[in-house]
Amino acid sequence: MPVMPPIKKNDEVFVLRGKDRGKSGRVLIVIPKEQKVVVEGVQMIKRHTRPNPQKNVKGGIVEKEAPIHISNVAIVCKNCKQHTRIANKVLADGRRARACKKCGNTIE
C-alpha cells in the first residue's frame, strides 16, 4: 500500500527537475498510488482530441498539465518564501503538523 505523500492539494510547490525547472505553481491533483502530482502551468502537453457533440467537446489540440513525480518538486514555505523539505512537528495539543525545515514554522 502506498504511503501518503507529504504534499497536498492546493500546496505551492517549486519544480526541482525536468524541462520546467525553476517554475512554481499550485498542486491541482495528488496521485498517491503513482507518487505523482499535477501542478498548475507545469509539464504542459498537447492532447489531440476528437469532436464529440454529445458531450459538447470541441475537437482540436488541447494543452493540459501532465503529472510530475513528487521527488521532482519541493513545497514552498509561506513564511520564509523558500522551497524546502518537510518536517513532522508535534504540536502542544499532541497533533502532528507539517513544518518547514529551514525556518521551523508550520506549513498548515
# chains A, B, ... in the order shown; residues from 1 in each chain; ligands from 1
$ residues_around --residues "A:Met44" --least-positions-apart "2" --cutoff "12 Å" --atoms "only C-alpha atoms" --output "PyMOL selection string"
chain A and resi 18-20+38-42+46-47+62-68
$ select_by_dssp --residues "chain A" --states "strand (DSSP E or B)" --output "NGL selection string"
:A and (12-15 or 24-31 or 36-39 or 44-49 or 52 or 57 or 60-65 or 68-69 or 73-76 or 83-84 or 86-90 or 96-100 or 106)
$ residues_around --residues "stretch 75-83 of chain A" --least-positions-apart "3" --cutoff "8 Å" --atoms "only C-alpha atoms" --output "list of chain:residue names"
A:Ile7, A:Asp11, A:Glu12, A:Val13, A:Phe14, A:Ile86, A:Cys100, A:Lys102, A:Cys103, A:Asn105, A:Ile107
$ write_last_selection --atoms "C-alpha atoms" --output "PDB file, in the first residue's frame"
ATOM      1  CA  ILE A   7       2.453  17.261  -0.475  1.00  0.00           C
ATOM      2  CA  ASP A  11       0.074  23.492  -1.811  1.00  0.00           C
ATOM      3  CA  GLU A  12       2.502  25.869  -3.533  1.00  0.00           C
ATOM      4  CA  VAL A  13       5.406  23.821  -4.965  1.00  0.00           C
ATOM      5  CA  PHE A  14       8.701  24.563  -6.740  1.00  0.00           C
ATOM      6  CA  ILE A  86       9.013  18.947   5.115  1.00  0.00           C
ATOM      7  CA  CYS A 100       9.408  23.937   7.212  1.00  0.00           C
ATOM      8  CA  LYS A 102      14.508  25.985   7.050  1.00  0.00           C
ATOM      9  CA  CYS A 103      12.503  28.257   9.354  1.00  0.00           C
ATOM     10  CA  ASN A 105       7.217  27.241  11.186  1.00  0.00           C
ATOM     11  CA  ILE A 107       3.007  24.937   6.851  1.00  0.00           C
TER      12      ILE A 107
END
$ residues_around --residues "A:Arg95" --least-positions-apart "6" --cutoff "12 Å" --atoms "only C-alpha atoms" --output "JSON, numbers by chain"
{"A": [88, 89, 106]}
$ write_last_selection --atoms "N, CA and C atoms" --output "PDB file, in the first residue's frame"
ATOM      1  N   ASN A  88       8.041  16.691  10.252  1.00  0.00           N
ATOM      2  CA  ASN A  88       6.847  16.433  11.052  1.00  0.00           C
ATOM      3  C   ASN A  88       7.077  17.019  12.429  1.00  0.00           C
ATOM      4  N   LYS A  89       6.159  17.877  12.848  1.00  0.00           N
ATOM      5  CA  LYS A  89       6.286  18.557  14.128  1.00  0.00           C
ATOM      6  C   LYS A  89       5.089  18.170  15.000  1.00  0.00           C
ATOM      7  N   THR A 106       5.121  26.020  11.039  1.00  0.00           N
ATOM      8  CA  THR A 106       4.207  25.040  10.460  1.00  0.00           C
ATOM      9  C   THR A 106       3.699  25.547   9.104  1.00  0.00           C
TER      10      THR A 106
END
$ atom_distance --atom1 "atom CA of A:Ala87" --atom2 "atom CA of A:Lys36"
19.7 Å
$ atom_distance --atom1 "atom CA of A:Lys33" --atom2 "atom CA of A:Arg21"
23.9 Å
$ atom_distance --atom1 "atom CA of A:Glu34" --atom2 "atom CA of A:Lys101"
25.3 Å
